[in-house]
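Heads up, start-v3.cif below (mmCIF, C-alpha atoms):
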data_work
#
loop_
_atom_site.label_atom_id
_atom_site.label_comp_id
_atom_site.auth_asym_id
_atom_site.auth_seq_id
_atom_site.Cartn_x
_atom_site.Cartn_y
_atom_site.Cartn_z
CA MET P 1 -123.05 -73.93 86.76
CA TYR P 2 -124.45 -72.31 83.65
CA SER P 3 -126.37 -69.47 85.24
CA TRP P 4 -126.33 -66.18 83.34
CA MET P 5 -124.63 -64.44 86.28
CA LEU P 6 -121.69 -66.77 86.08
CA ARG P 7 -121.45 -66.33 82.35
CA VAL P 8 -121.49 -62.53 82.62
CA ASN P 9 -118.89 -62.71 85.34
CA THR P 10 -116.61 -64.95 83.33
CA VAL P 11 -116.93 -62.82 80.19
CA LEU P 12 -116.18 -59.63 82.11
CA THR P 13 -113.16 -61.08 83.86
CA LEU P 14 -111.80 -62.53 80.63
CA SER P 15 -112.20 -59.26 78.77
CA VAL P 16 -110.51 -57.32 81.56
CA THR P 17 -107.59 -59.74 81.55
CA VAL P 18 -107.20 -59.55 77.78
CA LEU P 19 -107.37 -55.74 77.80
CA ALA P 20 -104.78 -55.54 80.55
CA LEU P 21 -102.48 -57.81 78.58
CA LEU P 22 -102.91 -55.72 75.43
CA CYS P 23 -102.08 -52.54 77.37
CA ALA P 24 -98.93 -54.11 78.77
CA VAL P 25 -97.83 -55.30 75.31
CA ALA P 26 -98.54 -51.88 73.76
CA SER P 27 -96.52 -50.18 76.45
CA MET P 28 -93.58 -52.55 76.08
CA ALA P 29 -93.60 -52.30 72.31
CA ASP P 30 -92.94 -48.58 72.72
CA ASN P 31 -89.48 -49.36 74.03
CA LEU P 32 -88.46 -50.70 70.65
CA HIS P 33 -89.08 -47.41 68.88
CA TRP P 34 -86.12 -45.36 67.64
CA HIS P 35 -86.54 -41.66 67.07
CA THR P 36 -84.40 -38.95 65.49
CA PRO P 37 -85.67 -35.55 66.52
CA SER P 38 -84.03 -32.31 65.47
CA VAL P 39 -84.11 -29.23 67.62
CA GLU P 40 -82.80 -25.70 67.18
CA LEU P 41 -83.13 -23.10 69.90
CA GLU P 42 -81.75 -19.62 69.80
CA VAL P 43 -82.14 -16.48 71.79
CA VAL P 44 -82.85 -13.65 69.42
CA ASN P 45 -83.10 -10.81 71.88
CA VAL P 46 -82.80 -10.26 75.58
CA GLY P 47 -85.21 -7.61 76.70
CA PRO P 48 -85.21 -5.30 79.67
CA LEU P 49 -84.54 -6.52 83.16
CA GLU P 50 -87.20 -5.66 85.69
CA ARG P 51 -86.71 -5.76 89.41
CA LEU P 52 -89.75 -7.23 91.08
CA ARG P 53 -91.11 -6.39 94.48
CA ASN P 54 -90.14 -9.72 95.98
CA GLY P 55 -86.49 -9.27 95.06
CA ASP P 56 -86.57 -11.40 91.92
CA ASP P 57 -85.46 -10.24 88.49
CA ARG P 58 -87.56 -10.73 85.42
CA VAL P 59 -86.14 -10.78 81.88
CA THR P 60 -87.95 -10.81 78.57
CA LEU P 61 -86.39 -13.29 76.18
CA SER P 62 -87.22 -13.52 72.51
CA LEU P 63 -86.70 -17.08 71.40
CA ASN P 64 -86.59 -18.75 68.05
CA ILE P 65 -87.82 -22.31 68.39
CA LYS P 66 -87.51 -24.83 65.58
CA ALA P 67 -88.03 -28.53 66.01
CA ASP P 68 -89.02 -31.59 64.06
CA LEU P 69 -90.53 -34.19 66.34
CA GLU P 70 -92.34 -36.32 63.80
CA SER P 71 -90.22 -39.37 64.45
CA VAL P 72 -91.16 -39.41 68.12
CA PHE P 73 -94.76 -40.35 67.34
CA THR P 74 -95.79 -44.01 67.52
CA TRP P 75 -99.20 -45.62 67.27
CA ASN P 76 -99.30 -45.60 71.07
CA THR P 77 -98.69 -41.85 71.38
CA LYS P 78 -101.66 -39.78 72.43
CA GLN P 79 -99.91 -36.44 72.56
CA LEU P 80 -96.53 -34.85 73.06
CA PHE P 81 -96.14 -32.17 75.67
CA VAL P 82 -93.22 -30.08 74.44
CA PHE P 83 -91.65 -27.35 76.49
CA VAL P 84 -88.50 -25.26 76.50
CA ALA P 85 -86.94 -24.69 79.89
CA ALA P 86 -84.14 -22.40 80.96
CA GLU P 87 -81.87 -24.13 83.45
CA TYR P 88 -79.21 -22.47 85.53
CA TRP P 89 -77.17 -23.16 88.62
CA ASN P 90 -77.14 -20.76 91.48
CA PRO P 91 -74.16 -21.03 93.84
CA GLU P 92 -76.30 -20.14 96.84
CA GLU P 93 -79.21 -22.36 96.10
CA GLY P 94 -78.58 -24.96 93.45
CA PHE P 95 -80.36 -26.06 90.36
CA ASN P 96 -83.20 -24.00 88.88
CA GLN P 97 -85.50 -24.78 86.03
CA ILE P 98 -88.01 -22.43 84.48
CA SER P 99 -90.37 -23.35 81.71
CA LEU P 100 -90.42 -20.57 79.12
CA TRP P 101 -92.72 -21.95 76.46
CA ASP P 102 -94.86 -25.02 76.11
CA THR P 103 -97.24 -26.53 73.63
CA ILE P 104 -99.19 -29.72 73.09
CA ILE P 105 -98.85 -31.68 69.86
CA GLU P 106 -101.60 -34.20 69.29
CA LYS P 107 -101.01 -35.26 65.72
CA LYS P 108 -97.93 -36.28 63.84
CA GLU P 109 -98.70 -33.74 61.10
CA ASN P 110 -98.34 -30.87 63.57
CA ALA P 111 -95.02 -32.07 64.94
CA LYS P 112 -92.90 -29.53 63.10
CA ILE P 113 -92.42 -26.45 65.23
CA ASN P 114 -91.20 -23.11 63.92
CA THR P 115 -92.13 -20.18 66.12
CA GLN P 116 -90.75 -17.02 67.57
CA VAL P 117 -91.96 -16.27 71.05
CA LYS P 118 -91.41 -13.66 73.67
CA SER P 119 -91.19 -15.11 77.11
CA LYS P 120 -92.66 -12.21 79.00
CA LEU P 121 -95.74 -12.83 81.09
CA LEU P 122 -97.71 -16.02 81.59
CA ARG P 123 -99.74 -15.83 78.43
CA ARG P 124 -101.69 -18.23 76.35
CA SER P 125 -101.75 -17.91 72.59
CA THR P 126 -105.09 -19.24 71.51
CA ARG P 127 -104.34 -19.12 67.82
CA ILE P 128 -101.41 -21.44 67.70
CA GLY P 129 -101.89 -23.08 71.05
CA TYR P 130 -98.94 -22.46 73.34
CA PHE P 131 -98.16 -20.82 76.67
CA THR P 132 -95.28 -18.50 77.46
CA TYR P 133 -93.89 -17.86 80.91
CA PRO P 134 -91.67 -15.15 82.36
CA PHE P 135 -88.01 -15.83 83.00
CA GLN P 136 -87.86 -14.86 86.63
CA GLY P 137 -85.41 -15.65 89.38
CA LYS P 138 -82.96 -14.27 91.91
CA ASP P 139 -80.14 -12.17 90.57
CA LEU P 140 -80.23 -12.87 86.87
CA LYS P 141 -77.54 -10.45 85.68
CA GLY P 142 -74.73 -12.24 83.92
CA ARG P 143 -76.28 -15.64 84.56
CA ASP P 144 -75.22 -18.58 82.38
CA PHE P 145 -78.05 -20.81 81.39
CA ASN P 146 -78.95 -23.76 79.19
CA LEU P 147 -82.03 -23.94 77.06
CA THR P 148 -83.42 -27.44 77.00
CA MET P 149 -86.30 -28.67 74.94
CA TYR P 150 -88.14 -31.49 76.64
CA TRP P 151 -90.91 -33.60 75.26
CA ASN P 152 -93.11 -35.72 77.48
CA VAL P 153 -94.64 -38.58 75.53
CA MET P 154 -98.14 -39.24 76.84
CA PRO P 155 -99.22 -42.69 75.66
CA VAL P 156 -102.66 -44.01 74.79
CA THR P 157 -101.97 -46.57 77.51
CA GLY P 158 -98.78 -47.32 79.33
CA VAL P 159 -95.73 -45.66 80.73
CA PHE P 160 -94.82 -41.98 80.38
CA THR P 161 -91.43 -41.21 78.90
CA THR P 162 -89.57 -37.94 78.65
CA ASP P 163 -86.71 -37.06 76.40
CA LYS P 164 -84.75 -33.88 75.86
CA VAL P 165 -82.23 -31.99 73.82
CA VAL P 166 -79.97 -29.61 75.72
CA VAL P 167 -78.61 -26.49 74.04
CA PRO P 168 -76.06 -25.07 76.43
CA GLY P 169 -74.07 -21.90 76.49
CA PHE P 170 -76.45 -18.96 76.74
CA GLN P 171 -75.75 -16.06 78.97
CA LEU P 172 -77.76 -13.14 80.22
CA PRO P 173 -75.91 -9.88 79.77
CA GLN P 174 -74.43 -8.10 82.74
CA SER P 175 -75.89 -4.75 81.87
CA TYR P 176 -79.14 -3.75 80.31
CA ASN P 177 -80.19 -0.58 78.53
CA MET H 1 -145.14 -74.18 101.18
CA GLY H 2 -143.14 -76.40 98.91
CA ALA H 3 -140.57 -73.73 98.02
CA TYR H 4 -140.32 -72.53 101.58
CA GLY H 5 -139.92 -76.07 102.83
CA ASP H 6 -137.17 -76.67 100.28
CA LEU H 7 -135.36 -73.52 101.38
CA VAL H 8 -135.57 -74.47 105.05
CA ALA H 9 -134.45 -77.99 104.29
CA SER H 10 -131.50 -76.79 102.27
CA ILE H 11 -130.46 -74.36 105.03
CA LYS H 12 -130.65 -77.18 107.55
CA ALA H 13 -128.72 -79.48 105.28
CA THR H 14 -125.91 -77.00 104.89
CA ASN H 15 -122.62 -78.31 105.98
CA PHE H 16 -120.94 -75.92 108.40
CA ARG H 17 -117.56 -76.86 107.02
CA HIS H 18 -118.69 -75.91 103.55
CA VAL H 19 -119.94 -72.51 104.63
CA ALA H 20 -116.76 -71.89 106.55
CA LEU H 21 -114.67 -72.86 103.52
CA GLN H 22 -116.56 -70.52 101.22
CA THR H 23 -116.33 -67.64 103.67
CA ILE H 24 -112.66 -68.16 104.33
CA SER H 25 -111.87 -68.46 100.62
CA LEU H 26 -113.67 -65.25 99.85
CA GLY H 27 -111.99 -63.58 102.82
CA MET H 28 -108.61 -64.71 101.57
CA ILE H 29 -109.23 -63.28 98.13
CA VAL H 30 -110.28 -59.95 99.61
CA THR H 31 -107.27 -59.88 101.92
CA SER H 32 -104.87 -60.72 99.15
CA ALA H 33 -106.29 -57.81 97.16
CA LEU H 34 -105.61 -55.66 100.21
CA ILE H 35 -102.09 -57.07 100.48
CA ILE H 36 -101.42 -56.18 96.85
CA TRP H 37 -102.67 -52.64 97.45
CA LYS H 38 -100.58 -52.06 100.56
CA GLY H 39 -97.59 -53.68 98.90
CA LEU H 40 -97.95 -51.26 95.99
CA MET H 41 -98.03 -48.40 98.49
CA CYS H 42 -94.70 -49.57 99.91
CA PHE H 43 -93.12 -50.31 96.56
CA THR H 44 -94.00 -47.01 94.94
CA GLY H 45 -93.42 -44.95 98.08
CA SER H 46 -96.65 -43.12 97.46
CA GLU H 47 -99.62 -43.02 99.80
CA SER H 48 -101.99 -43.71 96.94
CA PRO H 49 -100.34 -45.56 94.09
CA VAL H 50 -103.38 -45.46 91.81
CA VAL H 51 -105.45 -42.28 91.37
CA VAL H 52 -108.42 -41.37 89.23
CA VAL H 53 -108.43 -38.04 87.37
CA LEU H 54 -111.46 -36.04 88.45
CA SER H 55 -111.22 -32.72 86.66
CA GLY H 56 -110.50 -31.53 83.17
CA SER H 57 -107.58 -29.26 84.01
CA MET H 58 -105.08 -31.46 82.20
CA GLU H 59 -107.03 -31.95 78.98
CA PRO H 60 -106.46 -33.07 76.31
CA GLY H 61 -103.94 -35.33 77.98
CA PHE H 62 -106.00 -36.59 80.91
CA ARG H 63 -109.72 -36.71 80.83
CA ARG H 64 -112.05 -37.30 83.73
CA GLY H 65 -112.09 -40.99 84.51
CA ASP H 66 -108.53 -41.84 83.53
CA ILE H 67 -106.27 -43.73 85.88
CA LEU H 68 -102.73 -42.73 86.77
CA PHE H 69 -100.09 -44.93 88.38
CA LEU H 70 -97.85 -43.04 90.74
CA HIS H 71 -94.32 -43.59 91.92
CA MET H 72 -92.46 -41.40 94.33
CA GLY H 73 -88.80 -42.36 94.18
CA LYS H 74 -85.89 -40.43 95.61
CA ALA H 75 -84.89 -38.59 92.44
CA PRO H 76 -85.71 -34.89 92.66
CA ILE H 77 -88.74 -33.59 90.82
CA ARG H 78 -87.91 -31.84 87.57
CA ALA H 79 -89.87 -29.54 85.28
CA GLY H 80 -92.29 -31.32 82.97
CA GLU H 81 -93.11 -34.13 85.35
CA ILE H 82 -96.72 -34.71 86.22
CA VAL H 83 -97.16 -34.71 89.98
CA VAL H 84 -100.07 -35.41 92.29
CA PHE H 85 -100.08 -33.21 95.34
CA HIS H 86 -102.11 -32.24 98.37
CA VAL H 87 -102.79 -28.69 99.35
CA ASP H 88 -103.26 -28.03 103.08
CA GLY H 89 -106.93 -27.59 103.71
CA ARG H 90 -108.14 -29.46 100.66
CA ASP H 91 -108.85 -33.17 100.82
CA ILE H 92 -108.84 -33.97 97.12
CA PRO H 93 -105.37 -34.36 95.59
CA ILE H 94 -104.59 -32.48 92.38
CA VAL H 95 -102.79 -33.76 89.29
CA HIS H 96 -100.81 -31.05 87.48
CA ARG H 97 -97.49 -30.53 85.75
CA VAL H 98 -94.40 -28.91 87.22
CA ILE H 99 -93.32 -25.75 85.42
CA LYS H 100 -90.69 -24.33 87.76
CA VAL H 101 -88.20 -25.93 90.09
CA HIS H 102 -85.80 -24.33 92.45
CA GLU H 103 -83.49 -26.27 94.67
CA ASN H 104 -82.13 -25.28 98.01
CA ILE H 105 -78.83 -27.05 98.61
CA GLU H 106 -78.38 -26.10 102.24
CA LYS H 107 -81.78 -27.39 103.15
CA GLY H 108 -81.38 -30.34 100.83
CA ASP H 109 -84.83 -29.70 99.52
CA TYR H 110 -86.52 -28.25 96.47
CA GLU H 111 -89.63 -26.22 95.71
CA VAL H 112 -91.87 -26.51 92.69
CA LEU H 113 -94.59 -24.54 91.00
CA THR H 114 -97.27 -26.40 89.10
CA LYS H 115 -99.87 -25.64 86.49
CA GLY H 116 -102.56 -27.64 84.76
CA ASP H 117 -102.04 -27.95 81.01
CA ASN H 118 -105.51 -26.61 80.29
CA ASN H 119 -105.45 -23.81 82.88
CA THR H 120 -104.58 -20.25 81.96
CA GLY H 121 -102.80 -19.53 85.24
CA ASP H 122 -100.37 -21.31 87.49
CA ASP H 123 -101.52 -23.07 90.63
CA ARG H 124 -100.76 -20.31 93.12
CA LEU H 125 -104.50 -19.69 93.31
CA LEU H 126 -104.98 -23.27 94.46
CA TYR H 127 -102.25 -23.29 97.07
CA ALA H 128 -102.94 -22.29 100.67
CA ALA H 129 -102.92 -18.62 101.56
CA ASN H 130 -99.40 -17.13 101.36
CA GLN H 131 -98.04 -20.32 99.87
CA LEU H 132 -96.10 -19.68 96.68
CA TRP H 133 -94.35 -23.02 96.17
CA LEU H 134 -94.95 -26.68 96.82
CA GLN H 135 -92.52 -28.57 99.01
CA ARG H 136 -91.65 -32.22 98.89
CA GLN H 137 -94.05 -33.08 101.70
CA HIS H 138 -97.01 -31.91 99.67
CA ILE H 139 -96.25 -34.19 96.75
CA MET H 140 -97.78 -37.67 96.76
CA GLY H 141 -96.02 -39.00 93.72
CA ARG H 142 -95.26 -38.48 90.09
CA ALA H 143 -97.26 -40.11 87.35
CA VAL H 144 -95.47 -42.93 85.58
CA GLY H 145 -98.28 -44.86 83.92
CA PHE H 146 -101.65 -44.22 82.41
CA LEU H 147 -104.85 -46.16 81.67
CA PRO H 148 -107.81 -44.45 80.00
CA TYR H 149 -111.47 -44.76 81.05
CA VAL H 150 -111.09 -47.41 83.78
CA GLY H 151 -111.57 -44.86 86.56
CA TRP H 152 -115.20 -44.27 85.60
CA VAL H 153 -116.19 -47.25 87.76
CA THR H 154 -114.85 -45.48 90.86
CA ILE H 155 -116.36 -42.15 89.86
CA ILE H 156 -119.81 -43.67 89.36
CA MET H 157 -119.61 -45.60 92.62
CA THR H 158 -118.52 -42.52 94.57
CA GLU H 159 -120.86 -40.02 93.05
CA LYS H 160 -123.96 -42.15 92.79
CA PRO H 161 -124.10 -44.02 96.07
CA TYR H 162 -127.40 -45.66 95.23
CA ILE H 163 -125.64 -47.62 92.51
CA LYS H 164 -123.14 -48.81 95.09
CA VAL H 165 -125.88 -49.82 97.55
CA GLY H 166 -128.06 -51.37 94.87
CA PHE H 167 -125.18 -53.39 93.55
CA CYS H 168 -124.37 -54.73 97.01
CA CYS H 169 -127.92 -55.55 98.02
CA PHE H 170 -129.28 -56.91 94.81
CA LEU H 171 -126.34 -58.56 93.14
CA LEU H 172 -123.43 -59.40 95.38
CA LEU H 173 -125.13 -60.55 98.56
CA PRO H 174 -127.81 -62.75 97.01
CA PHE H 175 -125.28 -64.33 94.70
CA GLN H 176 -123.02 -65.07 97.64
CA LEU H 177 -125.84 -66.51 99.69
CA LYS H 178 -127.04 -68.61 96.81
CA ASN H 179 -123.61 -70.07 96.36
CA ILE H 180 -123.17 -70.82 100.00
CA PHE H 181 -126.59 -72.21 100.80
CA ILE H 182 -128.42 -73.47 97.79
CA SER H 183 -126.16 -74.84 95.05
CA PRO H 184 -124.04 -77.22 97.14
CA SER H 185 -127.06 -78.87 98.66
CA LEU H 186 -128.55 -79.34 95.20
CA ASN H 187 -125.37 -81.08 94.20
CA PHE H 188 -125.52 -83.11 97.31
CA LYS H 189 -129.03 -84.26 96.63
CA SER H 190 -128.48 -85.30 93.05
CA PHE H 191 -125.63 -87.65 93.70
CA HIS H 192 -125.95 -90.79 95.77
CA ASP H 193 -122.71 -90.08 97.39
CA THR H 194 -122.42 -90.02 101.13
CA ARG H 195 -118.98 -88.47 101.23
CA VAL H 196 -118.84 -84.76 101.87
CA ARG H 197 -118.65 -82.75 98.65
CA VAL H 198 -116.48 -79.76 98.87
CA VAL H 199 -117.26 -77.16 96.26
CA GLU H 200 -114.22 -75.12 95.30
CA PRO H 201 -115.05 -71.50 94.61
CA ASP H 202 -114.53 -70.70 90.94
CA PRO H 203 -111.44 -68.49 91.13
CA TRP H 204 -112.51 -66.09 88.35
CA TRP H 205 -115.83 -65.50 89.99
CA ALA H 206 -114.14 -64.74 93.31
CA TRP H 207 -111.61 -62.39 91.71
CA ALA H 208 -114.41 -60.48 89.98
CA HIS H 209 -116.08 -60.00 93.33
CA ALA H 210 -112.84 -58.95 94.95
CA SER H 211 -112.21 -56.33 92.29
CA ILE H 212 -115.73 -54.96 92.62
CA LEU H 213 -115.28 -54.77 96.38
CA PHE H 214 -111.99 -52.96 95.79
CA PHE H 215 -113.65 -50.31 93.66
CA LEU H 216 -116.44 -49.92 96.18
CA TRP H 217 -113.98 -49.52 99.02
CA ASN H 218 -112.06 -46.88 97.17
#
For this file, write the structure as structure tokens.
Amino acid sequence: MYSWMLRVNTVLTLSVTVLALLCAVASMADNLHWHTPSVELEVVNVGPLERLRNGDDRVTLSLNIKADLESVFTWNTKQLFVFVAAEYWNPEEGFNQISLWDTIIEKKENAKINTQVKSKLLRRSTRIGYFTYPFQGKDLKGRDFNLTMYWNVMPVTGVFTTDKVVVPGFQLPQSYN
Amino acid sequence: MGAYGDLVASIKATNFRHVALQTISLGMIVTSALIIWKGLMCFTGSESPVVVVLSGSMEPGFRRGDILFLHMGKAPIRAGEIVVFHVDGRDIPIVHRVIKVHENIEKGDYEVLTKGDNNTGDDRLLYAANQLWLQRQHIMGRAVGFLPYVGWVTIIMTEKPYIKVGFCCFLLLPFQLKNIFISPSLNFKSFHDTRVRVVEPDPWWAWAHASILFFLWN
């Protein structure tokens, strides 16, 4: 009854049970956290419209992205995946979402964002650490779209949550120079 | 001669009912682990509700050896969600994030484009030839929960099969046999009790074995 194998087994099982319980408590405690983020998104310039070979249009957007996401961090937050997506509705097809810019914030100190980006080609900026993507889709002239900033909270352990701030009311111009 | 004689005597003295009880109890624990697994498959709607991250394409968020809990659900997939998908022709599923979504109302379906957080290009290189988008049938589930480091047990067992074999031959089996054959007869000898002693399996011990078998099987 007191063999070392049994002892090792019992210790291992107990530690696994305790760890699992701690993870569950940590994850549930996250639900009690209130956050007050502030987000400002504006389109500074809409660049030239290119017609691509597959029939899609591609537009270069210059965006001004400001956000303060410090309050979203808790002790159970490993990183925030923040991205800005353009969303528009197409009468023929339906809902479309295109990510224009994304970044990863690992520390609370870096949670203030203030950048100007050009969403042109899929590019990675190694200095500041973000990606930009082209705004590409079918028939983009005169299209109304929303810019939404999403942040995906990736926890140290537990459940993923996503939250967003929608800034509606942008429109691509009908004609381009 | 003495030890061998003892062993033979204890094997002869083994109560068939006792052996059957031990075997059935262990079998029931293993089957209930299987029931929980299959039940999770039904509940989450995903063919593999728990996956282990194998590559570093989602760093720093997911490292090799982390575990993800998946859930399929009927809600459409939206940008920013982390999905696990199969590509035709590859047997290992991939965990990446959705960056583009476009819906098709008349078909009632949607298409997505994915990209790993740490990759410099989108996943079109990983898709099958001439495939530009992922459809719903390729997606196994979206990640809803996360546990770090636990998946290393599965990675070690899969990639170093001698550890798996060694564990089975040198630890599990002898421990099982010892429990079935030797310890109950020792108990039986030390008490002057002619009633049959039924030894209940220690439930924590059995659960530990069941979880090890689960990792081996996976």
Chain P contacts on chain H, all atoms listed in the file, 7 Å, as a PDB file with C-alpha atoms, in the coordinates of the input:
ATOM      1  CA  GLY H  61    -103.940 -35.330  77.980  1.00  0.00           C
ATOM      2  CA  ALA H  79     -89.870 -29.540  85.280  1.00  0.00           C
ATOM      3  CA  ILE H  99     -93.320 -25.750  85.420  1.00  0.00           C
ATOM      4  CA  LYS H 100     -90.690 -24.330  87.760  1.00  0.00           C
ATOM      5  CA  VAL H 101     -88.200 -25.930  90.090  1.00  0.00           C
ATOM      6  CA  HIS H 102     -85.800 -24.330  92.450  1.00  0.00           C
ATOM      7  CA  GLU H 103     -83.490 -26.270  94.670  1.00  0.00           C
ATOM      8  CA  ASN H 104     -82.130 -25.280  98.010  1.00  0.00           C
ATOM      9  CA  ILE H 105     -78.830 -27.050  98.610  1.00  0.00           C
ATOM     10  CA  THR H 120    -104.580 -20.250  81.960  1.00  0.00           C
ATOM     11  CA  VAL H 144     -95.470 -42.930  85.580  1.00  0.00           C
ATOM     12  CA  GLY H 145     -98.280 -44.860  83.920  1.00  0.00           C
ATOM     13  CA  PHE H 146    -101.650 -44.220  82.410  1.00  0.00           C
ATOM     14  CA  LEU H 147    -104.850 -46.160  81.670  1.00  0.00           C
ATOM     15  CA  PRO H 148    -107.810 -44.450  80.000  1.00  0.00           C
ATOM     16  CA  TRP H 204    -112.510 -66.090  88.350  1.00  0.00           C
ATOM     17  CA  TRP H 205    -115.830 -65.500  89.990  1.00  0.00           C
ATOM     18  CA  ALA H 208    -114.410 -60.480  89.980  1.00  0.00           C
TER      19      ALA H 208
END
Just say which residues the PyMOL selection byres ((chain P and resi 49) around 12) picks in this file, as a short mmCIF file (atom, residue, chain, number, x, y, z; two decimals) with C-alpha atoms, keeping the file's coordinate frame.
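Output file out_10.cif is given in full below:
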data_model
loop_
_atom_site.label_atom_id
_atom_site.label_comp_id
_atom_site.auth_asym_id
_atom_site.auth_seq_id
_atom_site.Cartn_x
_atom_site.Cartn_y
_atom_site.Cartn_z
CA VAL P 46 -82.80 -10.26 75.58
CA GLY P 47 -85.21 -7.61 76.70
CA PRO P 48 -85.21 -5.30 79.67
CA GLU P 50 -87.20 -5.66 85.69
CA ARG P 51 -86.71 -5.76 89.41
CA LEU P 52 -89.75 -7.23 91.08
CA ASP P 56 -86.57 -11.40 91.92
CA ASP P 57 -85.46 -10.24 88.49
CA ARG P 58 -87.56 -10.73 85.42
CA VAL P 59 -86.14 -10.78 81.88
CA THR P 60 -87.95 -10.81 78.57
CA LEU P 61 -86.39 -13.29 76.18
CA LYS P 120 -92.66 -12.21 79.00
CA PRO P 134 -91.67 -15.15 82.36
CA PHE P 135 -88.01 -15.83 83.00
CA GLN P 136 -87.86 -14.86 86.63
CA GLY P 137 -85.41 -15.65 89.38
CA LYS P 138 -82.96 -14.27 91.91
CA ASP P 139 -80.14 -12.17 90.57
CA LEU P 140 -80.23 -12.87 86.87
CA LYS P 141 -77.54 -10.45 85.68
CA GLY P 142 -74.73 -12.24 83.92
CA LEU P 172 -77.76 -13.14 80.22
CA PRO P 173 -75.91 -9.88 79.77
CA GLN P 174 -74.43 -8.10 82.74
CA SER P 175 -75.89 -4.75 81.87
CA TYR P 176 -79.14 -3.75 80.31
CA ASN P 177 -80.19 -0.58 78.53
#
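For the choices P:Glu42, P:Asp144, P:Asp163, P:Asp30, the atom-to-atom distance to Gln116 in chain P is smallest for P:Glu42 when using all atoms listed in the file.
You will find CA of Asp123 in chain H at 16.1 Å from CA of Asp91 in chain H.
What separates CA of Gly45 in chain H from CA of Lys74 in chain H is a distance of 9.1 Å.
Taking CA of Pro49 in chain H and CA of His71 in chain H as the two end points, the separation is 6.7 Å.
Between Ile67 in chain H and the residues H:Pro93, H:Gly151, H:Gly121, H:Gly27, the shortest atom-to-atom distance, using only C-alpha atoms, involves H:Gly151.
Shell of range 164-171 of chain P at 6 Å, with only C-alpha atoms counted and residues fewer than 5 places along the chain excluded, is Arg143, Asp144, Phe145, Asn146, Leu147, Thr148, Met149 and Tyr150 of chain P.
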